[in-house]
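The block underneath contains the structure these notes are about, expressed in structure tokens.
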Number of protein chains: 2
Amino acid sequence: MKKNKETTIYDIASELKISPSTVSRALNKHKSIGKKTIKRVQDKALQLGYRPNHVAANLRNQKTHTIGVIISRVDRPFIATLIGGIESEAKKQGYNVIFTQSYDKTELEIENANVLFNSRIDGLIVSLAMETTNYDHFKLFTEKGIPLLFVDRVTESLNTDLVVIDNTHSGYMATKHLIEQGCKRIAHFAGAQHRDVYKNRRKGYENALLEHGIEIEEDLIVVLDILSAEDGYKAAMGMLSQENRPDGIFTSNDTTAVSVIQCAKKLGIKVPEELAVIGFNNDSISTIIDPPLSTIDHPAAQMGKIAARQLLNKKIHPEIDSSNIVKLKTNLVMRASSNRLGKILSED
Amino acid sequence: MKKNKETTIYDIASELKISPSTVSRALNKHKSIGKKTIKRVQDKALQLGYRPNHVAANLRNQKTHTIGVIISRVDRPFIATLIGGIESEAKKQGYNVIFTQSYDKTELEIENANVLFNSRIDGLIVSLAMETTNYDHFKLFTEKGIPLLFVDRVTESLNTDLVVIDNTHSGYMATKHLIEQGCKRIAHFAGAQHRDVYKNRRKGYENALLEHGIEIEEDLIVVLDILSAEDGYKAAMGMLSQENRPDGIFTSNDTTAVSVIQCAKKLGIKVPEELAVIGFNNDSISTIIDPPLSTIDHPAAQMGKIAARQLLNKKIHPEIDSSNIVKLKTNLVMRASSNRLGKILSED
DNA sequence: CTGAAAGCGCTAACAC
DNA sequence: GTGTTAGCGCTTTCAG
């Protein structure tokens, strides 16, 4: 089927009895081309149903106007919002985005990085797989001078641009909030400690405790390699069924915070009176759970937008060789799950 | 910066004193090339840090091994899961996926379609913008023989492949379920009626009522052009505060079903005793809300996977000119929000 | 303001 | 089993 060749600039050129280069220039509105020529070319292009072939232009120009994205998996609220932000900003600047999922496996991350490189993407945005501890597969990009930027789950070891939130401060805020609400024994559900995000949230937690003269108890800290609802529920069950149970919990994501609340309900523990809970991310589930979940609002969409902007900016100004690290502010969103002092909260 | 030219097959060829075509064939493991040659070429390629340039191959081969996706917006649970399925299947088959968001605007959908076409994608998967009623911007693809497939929010008017769920039957099941639970006055929150998904869910609702000898009351049907939490809440407030209020509601998505439950709580209406509620999609919020929400489980991930498979299959067998329509089964998930007969439910 | 010509990197007839 | 050659469609020096 389909043997009707594409119409190219050559077709336009010969119909108009001008040269392909003129056509090319006209289509790109090159300044040195006369108005009437531009008009004639455009009309003819329309008439012939001409469609620019970006692939050819890409080869010639040595750039693809495409950026790559590697994320763990798109069907997580935070990630979906993040790449939504990336896409909209990239498109605004005339870039396509190819996205790939690592499913938190280093092996897939490596494979994706290679495929994307071979596709000659103009830049790469990565949120690291949970599993990854070696970053050599990204050296390809740094060595060839292809802009590389990490977002959220990052590593500083490659000296690239980074877009993150202030996890330490966020963890600090969350914990301090629980302390201010009168909690005395505050537990923490942490994520994998080789990921800075989770390490820093924990650090913030510890800082807040120390600052308020509360001893850090290892028993109150649970590291969950996967912050899933199931694992969160199990951990909550273990933590809450002991006799000297905590009266406050700060979890590294909302999913596990919801599990904590559900577990508390099951055990007949009142939230927030007997157990104050605060999560992380401000996923939509946090407003659905009863009582509504206090949390740290994560500016995911903005983060995506800034990551894309930063990456593309780097393309334009490669002379700025410094690795910028953009640290976004977060906000504490107080809802009923941590409101032990009866503060009147506005509705969401 | 970066002036060190890429290493190409020519570099490998001249180092090895063989021809570029042999190198090309060796790298692609062409059958007519000797084992030792292949080995030599591979070793040299590795040594020189050779990286295949897909852009060049794409131009030459007239195919990009890339598919395009146009969806409304990625930060909706159902959509995120859908494109997750698309990506994983596409990658398994060696294809990249460029995704773009229409934000439910026809204008952006058109723009995205054009950009994707110019990028010479090998196929396109579309879930239509809420707004779209004219489909001419997709003719480009059908006319040029580029595989085009609609998923979920589809149109039959272009005679393309379709992957959908059985919305009519799903709506029927949901409504019948409410009837079986003893509901007498059943309301329906529908979506935009020019989208088949919503029209058919409504049709299923009406079928079920008719089948059970229940009159269809226009007053009990609300069409929400945007099925958002806010609009759902407003509609629920209007519906539930009248004196002759319904005792069952079937909504076209989970978001508005949750709004209904929240509104009912606010008004002191007991769910499910005084009002049974069933939603659509089986988003994660449906297990979080109290009482847990009955819903129709939407096989989003499978749908994405099948859409990608179907699309790429079409590429391989273009002779199959018939437009296939794949209709996936859905399941009713019964939870407490519609359980008026006190059935014992297993935990999720 | 416009044209001629080369080339981006790769592949595939068509030779041998 | 391997080499020669042309060309995918576009852009861009360089020349006029």
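Please note that chains go A, B, ... in the order of the structure tokens, that every chain numbers its residues from 1, and that ligands are numbered from 1 in the order shown.
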Return as a tab-separated table the residues of chain C lying at most 10 Å from chain A, together with the closest atom-to-atom pair for each and the distance in Å to one decimal, counting only C-alpha atoms (C1' of nucleotides), with rows in chain order and ascending residue number.
residue	atom	partner	partner_atom	distance
C:DC1	C1'	A:Ile33	CA	6.1
C:DT2	C1'	A:Thr22	CA	6.5
C:DG3	C1'	A:Ser19	CA	6.1
C:DA4	C1'	A:Ser19	CA	8.9
C:DG7	C1'	A:Arg60	CA	8.1
C:DC8	C1'	A:Arg60	CA	4.4
C:DG9	C1'	A:Leu59	CA	7.9
Residues within 9 Å of range 323-325 of chain A, please, as an mmCIF file with C-alpha atoms, in the first residue's frame. Count only C-alpha atoms (C1' of nucleotides); anything in the same chain fewer than 6 positions from it doesn't count.
data_model
loop_
_atom_site.group_PDB
_atom_site.id
_atom_site.type_symbol
_atom_site.label_atom_id
_atom_site.label_comp_id
_atom_site.auth_asym_id
_atom_site.auth_seq_id
_atom_site.Cartn_x
_atom_site.Cartn_y
_atom_site.Cartn_z
ATOM 1 C CA ASN A 159 27.633 17.119 39.387
ATOM 2 C CA THR A 160 24.565 17.848 37.308
ATOM 3 C CA ASP A 161 21.653 20.181 37.689
ATOM 4 C CA LEU A 162 19.195 19.158 40.364
ATOM 5 C CA VAL A 163 15.644 20.138 41.131
ATOM 6 C CA VAL A 164 14.492 19.076 44.547
ATOM 7 C CA GLN A 310 16.162 24.457 33.650
#
Q. Contacts of range 263-275 of chain A at 7 Å or less, counting only C-alpha atoms (C1' of nucleotides), minus same-chain residues fewer than 5 places along, as a list in words?
A.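 Residues near the query, excluding close chain neighbours: Tyr233, Ala236, Met237, Asp247, Gly248, Ser337, Ser338, Asn339 and Arg340 of chain A.
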Residue with smallest distance to Thr66 in chain B - pool B:Gly84, B:Pro52, B:Pro147, B:Gly182, counting only C-alpha atoms:
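For Thr66 in chain B, the nearest of the candidates is B:Pro147.
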For this session: Do me a favour and pick out the residues of chain D within 12 Å of chain B, using only C-alpha atoms (C1' of nucleotides), as JSON, numbers by chain.
Result: {"D": [1, 2, 3, 4, 5, 6, 7, 8, 9, 10]}
Those same residues - N, CA and C atoms (P, O5', C5', C4', C3', O3' and C1' of nucleotides) - I'd like them written as a short mmCIF file (atom, residue, chain, number, x, y, z; two decimals), in the first residue's frame.
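Final output, saved to part04.cif:
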data_model
loop_
_atom_site.label_atom_id
_atom_site.label_comp_id
_atom_site.auth_asym_id
_atom_site.auth_seq_id
_atom_site.Cartn_x
_atom_site.Cartn_y
_atom_site.Cartn_z
P DG D 1 28.49 -16.48 5.03
"O5'" DG D 1 29.41 -15.38 4.32
"C5'" DG D 1 30.79 -15.53 4.48
"C4'" DG D 1 31.47 -14.36 3.84
"C3'" DG D 1 31.26 -13.04 4.58
"O3'" DG D 1 32.52 -12.39 4.63
"C1'" DG D 1 30.60 -12.80 2.32
P DT D 2 32.80 -11.12 5.49
"O5'" DT D 2 32.76 -9.94 4.43
"C5'" DT D 2 33.87 -9.81 3.54
"C4'" DT D 2 33.52 -8.83 2.47
"C3'" DT D 2 33.31 -7.39 2.94
"O3'" DT D 2 34.44 -6.65 2.51
"C1'" DT D 2 31.79 -8.03 1.21
P DG D 3 34.60 -5.10 2.78
"O5'" DG D 3 34.15 -4.47 1.38
"C5'" DG D 3 34.93 -4.76 0.24
"C4'" DG D 3 34.41 -4.01 -0.97
"C3'" DG D 3 34.29 -2.49 -0.76
"O3'" DG D 3 34.72 -1.87 -1.97
"C1'" DG D 3 32.17 -3.40 -1.38
P DT D 4 34.90 -0.32 -2.08
"O5'" DT D 4 33.94 0.09 -3.27
"C5'" DT D 4 33.21 -0.89 -4.02
"C4'" DT D 4 32.32 -0.16 -5.00
"C3'" DT D 4 32.35 1.37 -4.91
"O3'" DT D 4 32.02 1.89 -6.18
"C1'" DT D 4 30.21 0.61 -4.24
P DT D 5 32.01 3.46 -6.45
"O5'" DT D 5 30.46 3.77 -6.24
"C5'" DT D 5 29.50 2.95 -6.94
"C4'" DT D 5 28.11 3.40 -6.57
"C3'" DT D 5 27.96 4.93 -6.42
"O3'" DT D 5 26.87 5.32 -7.23
"C1'" DT D 5 26.99 3.81 -4.56
P DA D 6 26.63 6.84 -7.55
"O5'" DA D 6 25.08 6.96 -7.20
"C5'" DA D 6 24.24 5.82 -7.37
"C4'" DA D 6 23.09 5.89 -6.38
"C3'" DA D 6 22.51 7.30 -6.19
"O3'" DA D 6 21.11 7.17 -6.27
"C1'" DA D 6 23.03 6.36 -4.10
P DG D 7 20.25 8.47 -6.47
"O5'" DG D 7 19.55 8.59 -5.04
"C5'" DG D 7 18.86 7.47 -4.51
"C4'" DG D 7 18.55 7.75 -3.06
"C3'" DG D 7 18.12 9.21 -2.80
"O3'" DG D 7 16.99 9.18 -1.97
"C1'" DG D 7 19.82 8.59 -1.33
P DC D 8 15.86 10.24 -2.14
"O5'" DC D 8 15.03 10.07 -0.80
"C5'" DC D 8 14.66 8.80 -0.27
"C4'" DC D 8 14.71 8.89 1.24
"C3'" DC D 8 14.39 10.28 1.78
"O3'" DC D 8 13.00 10.34 2.11
"C1'" DC D 8 16.33 9.31 2.88
P DG D 9 12.01 11.30 1.30
"O5'" DG D 9 12.36 12.70 1.96
"C5'" DG D 9 12.01 12.94 3.31
"C4'" DG D 9 12.74 14.17 3.78
"C3'" DG D 9 12.41 15.44 2.99
"O3'" DG D 9 11.87 16.35 3.93
"C1'" DG D 9 14.75 15.20 3.35
P DC D 10 11.60 17.85 3.62
"O5'" DC D 10 12.89 18.52 4.25
"C5'" DC D 10 13.07 18.42 5.66
"C4'" DC D 10 14.48 18.81 6.01
"C3'" DC D 10 14.79 20.29 5.82
"O3'" DC D 10 14.79 20.91 7.10
"C1'" DC D 10 16.56 18.87 5.05
#
### Task
Show which residues sit within 6 Å of Phe150 in chain A, as a PyMOL selection string. Count only C-alpha atoms (C1' of nucleotides), and ignore same-chain residues fewer than 5 positions away.
chain A and resi 125-127+162
With a cut-off of 8 Å, could you pull out the residues of chain B touching chain A and give me the nearest pair of atoms for each, distance in Å to one decimal, using only C-alpha atoms, ordered by chain and ascending number, as CSV?
residue,atom,partner,partner_atom,distance
B:Lys2,CA,A:Gly145,CA,6.6
B:Arg51,CA,A:Asn118,CA,6.4
B:Pro52,CA,A:Asn118,CA,5.9
B:Asn53,CA,A:Asn118,CA,5.5
B:His54,CA,A:Ser119,CA,5.1
B:Val55,CA,A:Leu59,CA,5.9
B:Ala56,CA,A:Leu59,CA,6.0
B:Asn58,CA,A:Val55,CA,7.2
B:Leu59,CA,A:Val55,CA,5.9
B:Arg73,CA,A:Gly84,CA,7.1
B:Val74,CA,A:Gly84,CA,5.8
B:Asp75,CA,A:Ala80,CA,4.8
B:Arg76,CA,A:Ala80,CA,7.7
B:Pro77,CA,A:Asp75,CA,6.7
B:Ala80,CA,A:Asp75,CA,4.8
B:Thr81,CA,A:Asp75,CA,4.9
B:Ile83,CA,A:Val74,CA,7.8
B:Gly84,CA,A:Val74,CA,5.8
B:Glu87,CA,A:Thr100,CA,6.8
B:Ser88,CA,A:Gln101,CA,7.4
B:Asn96,CA,A:Ile98,CA,6.6
B:Val97,CA,A:Ile98,CA,5.5
B:Ile98,CA,A:Ile98,CA,4.4
B:Phe99,CA,A:Val97,CA,6.5
B:Thr100,CA,A:Glu87,CA,6.8
B:Gln101,CA,A:Ser88,CA,7.4
B:Asn118,CA,A:Asn53,CA,5.5
B:Ser119,CA,A:His54,CA,5.1
B:Arg120,CA,A:Asn53,CA,6.9
B:Lys144,CA,A:Lys2,CA,7.0
B:Gly145,CA,A:Lys2,CA,6.5
B:Val258,CA,A:Ile288,CA,7.9
B:Ser284,CA,A:Ile285,CA,7.6
B:Ile285,CA,A:Ile285,CA,5.6
B:Ile288,CA,A:Ile289,CA,5.5
B:Ile289,CA,A:Ile288,CA,5.5
B:Asp290,CA,A:Asp290,CA,6.9
- Among the residues of range 138-171 of chain B, find those DSSP assigns to helix (DSSP H, G or I) from the backbone and print them as a list in words.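 Assigned to helix (DSSP H, G or I), within range 138-171 of chain B: Phe138, Lys139, Leu140, Phe141, Thr142, Glu143, Asn167, Thr168, His169, Ser170 and Gly171 of chain B.
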Original post:
In range 271-317 of chain B, what's strand (DSSP E or B) per DSSP? Answer as number ranges by chain?
Top reply: B: 276-278, 281, 294-297
Residue neighbourhood DA6 in chain C, 12 Å, only C-alpha atoms (C1' of nucleotides), exclusion window fewer than 4 positions, as a list in words = Arg60 of chain A; DT11, DT12, DT13 and DC14 of chain D
Residues of the last selection are to be written out with N, CA and C atoms (P, O5', C5', C4', C3', O3' and C1' of nucleotides), as an mmCIF file, in the first residue's frame.
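result.cif was written with the following content:
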data_model
loop_
_atom_site.group_PDB
_atom_site.id
_atom_site.type_symbol
_atom_site.label_atom_id
_atom_site.label_comp_id
_atom_site.auth_asym_id
_atom_site.auth_seq_id
_atom_site.Cartn_x
_atom_site.Cartn_y
_atom_site.Cartn_z
ATOM 1 N N ARG A 60 20.088 16.605 10.078
ATOM 2 C CA ARG A 60 20.920 17.677 9.565
ATOM 3 C C ARG A 60 21.369 18.625 10.694
ATOM 4 P P DT D 11 14.878 22.484 7.142
ATOM 5 O "O5'" DT D 11 16.452 22.730 7.090
ATOM 6 C "C5'" DT D 11 17.216 22.384 8.236
ATOM 7 C "C4'" DT D 11 18.669 22.667 7.975
ATOM 8 C "C3'" DT D 11 19.036 24.150 7.863
ATOM 9 O "O3'" DT D 11 20.214 24.293 8.635
ATOM 10 C "C1'" DT D 11 19.853 22.993 5.994
ATOM 11 P P DT D 12 20.611 25.682 9.215
ATOM 12 O "O5'" DT D 12 22.060 25.958 8.620
ATOM 13 C "C5'" DT D 12 22.950 24.877 8.379
ATOM 14 C "C4'" DT D 12 23.946 25.275 7.326
ATOM 15 C "C3'" DT D 12 24.134 26.792 7.186
ATOM 16 O "O3'" DT D 12 25.512 27.043 7.010
ATOM 17 C "C1'" DT D 12 23.637 25.859 5.103
ATOM 18 P P DT D 13 26.230 28.073 7.991
ATOM 19 O "O5'" DT D 13 27.068 29.053 7.021
ATOM 20 C "C5'" DT D 13 28.435 28.838 6.949
ATOM 21 C "C4'" DT D 13 28.797 27.993 5.722
ATOM 22 C "C3'" DT D 13 29.646 28.784 4.736
ATOM 23 O "O3'" DT D 13 30.954 28.231 4.729
ATOM 24 C "C1'" DT D 13 27.920 27.521 3.656
ATOM 25 P P DC D 14 32.221 29.165 4.360
ATOM 26 O "O5'" DC D 14 32.016 29.326 2.782
ATOM 27 C "C5'" DC D 14 31.949 28.161 1.970
ATOM 28 C "C4'" DC D 14 31.454 28.548 0.594
ATOM 29 C "C3'" DC D 14 32.006 29.900 0.106
ATOM 30 O "O3'" DC D 14 32.676 29.672 -1.118
ATOM 31 C "C1'" DC D 14 29.658 29.722 -0.265
#
Name the residues in contact with Leu341 in chain B at a cut-off of 12 Å, using only C-alpha atoms (C1' of nucleotides), excluding same-chain residues fewer than 6 positions from it; report them as a PDB file with N, CA and C atoms, in the first residue's frame.
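And here is the file that came out, around-v8.pdb:
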ATOM      1  N   HIS B 177     -27.245  -3.315  39.826  1.00  0.00           N
ATOM      2  CA  HIS B 177     -26.766  -3.595  41.174  1.00  0.00           C
ATOM      3  C   HIS B 177     -27.517  -2.751  42.203  1.00  0.00           C
ATOM      4  N   LEU B 178     -27.685  -1.493  41.889  1.00  0.00           N
ATOM      5  CA  LEU B 178     -28.406  -0.622  42.829  1.00  0.00           C
ATOM      6  C   LEU B 178     -29.862  -1.076  42.976  1.00  0.00           C
ATOM      7  N   ILE B 179     -30.434  -1.476  41.865  1.00  0.00           N
ATOM      8  CA  ILE B 179     -31.822  -1.966  41.915  1.00  0.00           C
ATOM      9  C   ILE B 179     -31.909  -3.198  42.804  1.00  0.00           C
ATOM     10  N   GLU B 180     -30.954  -4.077  42.624  1.00  0.00           N
ATOM     11  CA  GLU B 180     -30.945  -5.312  43.413  1.00  0.00           C
ATOM     12  C   GLU B 180     -30.743  -5.039  44.897  1.00  0.00           C
ATOM     13  N   GLN B 181     -30.105  -3.923  45.166  1.00  0.00           N
ATOM     14  CA  GLN B 181     -29.905  -3.555  46.563  1.00  0.00           C
ATOM     15  C   GLN B 181     -31.144  -2.867  47.132  1.00  0.00           C
ATOM     16  N   GLY B 182     -32.169  -2.789  46.310  1.00  0.00           N
ATOM     17  CA  GLY B 182     -33.442  -2.259  46.807  1.00  0.00           C
ATOM     18  C   GLY B 182     -33.687  -0.786  46.527  1.00  0.00           C
ATOM     19  N   CYS B 183     -32.845  -0.175  45.725  1.00  0.00           N
ATOM     20  CA  CYS B 183     -33.058   1.238  45.416  1.00  0.00           C
ATOM     21  C   CYS B 183     -34.273   1.404  44.490  1.00  0.00           C
ATOM     22  N   PRO B 272     -24.730   3.294  53.133  1.00  0.00           N
ATOM     23  CA  PRO B 272     -25.654   3.123  52.009  1.00  0.00           C
ATOM     24  C   PRO B 272     -27.134   3.059  52.393  1.00  0.00           C
ATOM     25  N   GLU B 273     -27.436   3.108  53.692  1.00  0.00           N
ATOM     26  CA  GLU B 273     -28.822   2.850  54.113  1.00  0.00           C
ATOM     27  C   GLU B 273     -29.823   3.764  53.425  1.00  0.00           C
ATOM     28  N   ALA B 276     -27.515   4.666  48.366  1.00  0.00           N
ATOM     29  CA  ALA B 276     -26.469   3.766  47.867  1.00  0.00           C
ATOM     30  C   ALA B 276     -25.724   4.474  46.743  1.00  0.00           C
ATOM     31  N   MET B 334     -18.002  -4.547  44.451  1.00  0.00           N
ATOM     32  CA  MET B 334     -18.961  -4.118  45.457  1.00  0.00           C
ATOM     33  C   MET B 334     -18.256  -3.828  46.764  1.00  0.00           C
ATOM     34  N   ARG B 335     -18.503  -2.639  47.268  1.00  0.00           N
ATOM     35  CA  ARG B 335     -17.961  -2.287  48.577  1.00  0.00           C
ATOM     36  C   ARG B 335     -19.114  -1.757  49.417  1.00  0.00           C
TER      37      ARG B 335
END
_Please compute the CA of Ala190 in chain B-CA of Asp136 in chain B distance, one decimal, in Å._
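That distance, rounded to one decimal, is 26.6 Å.
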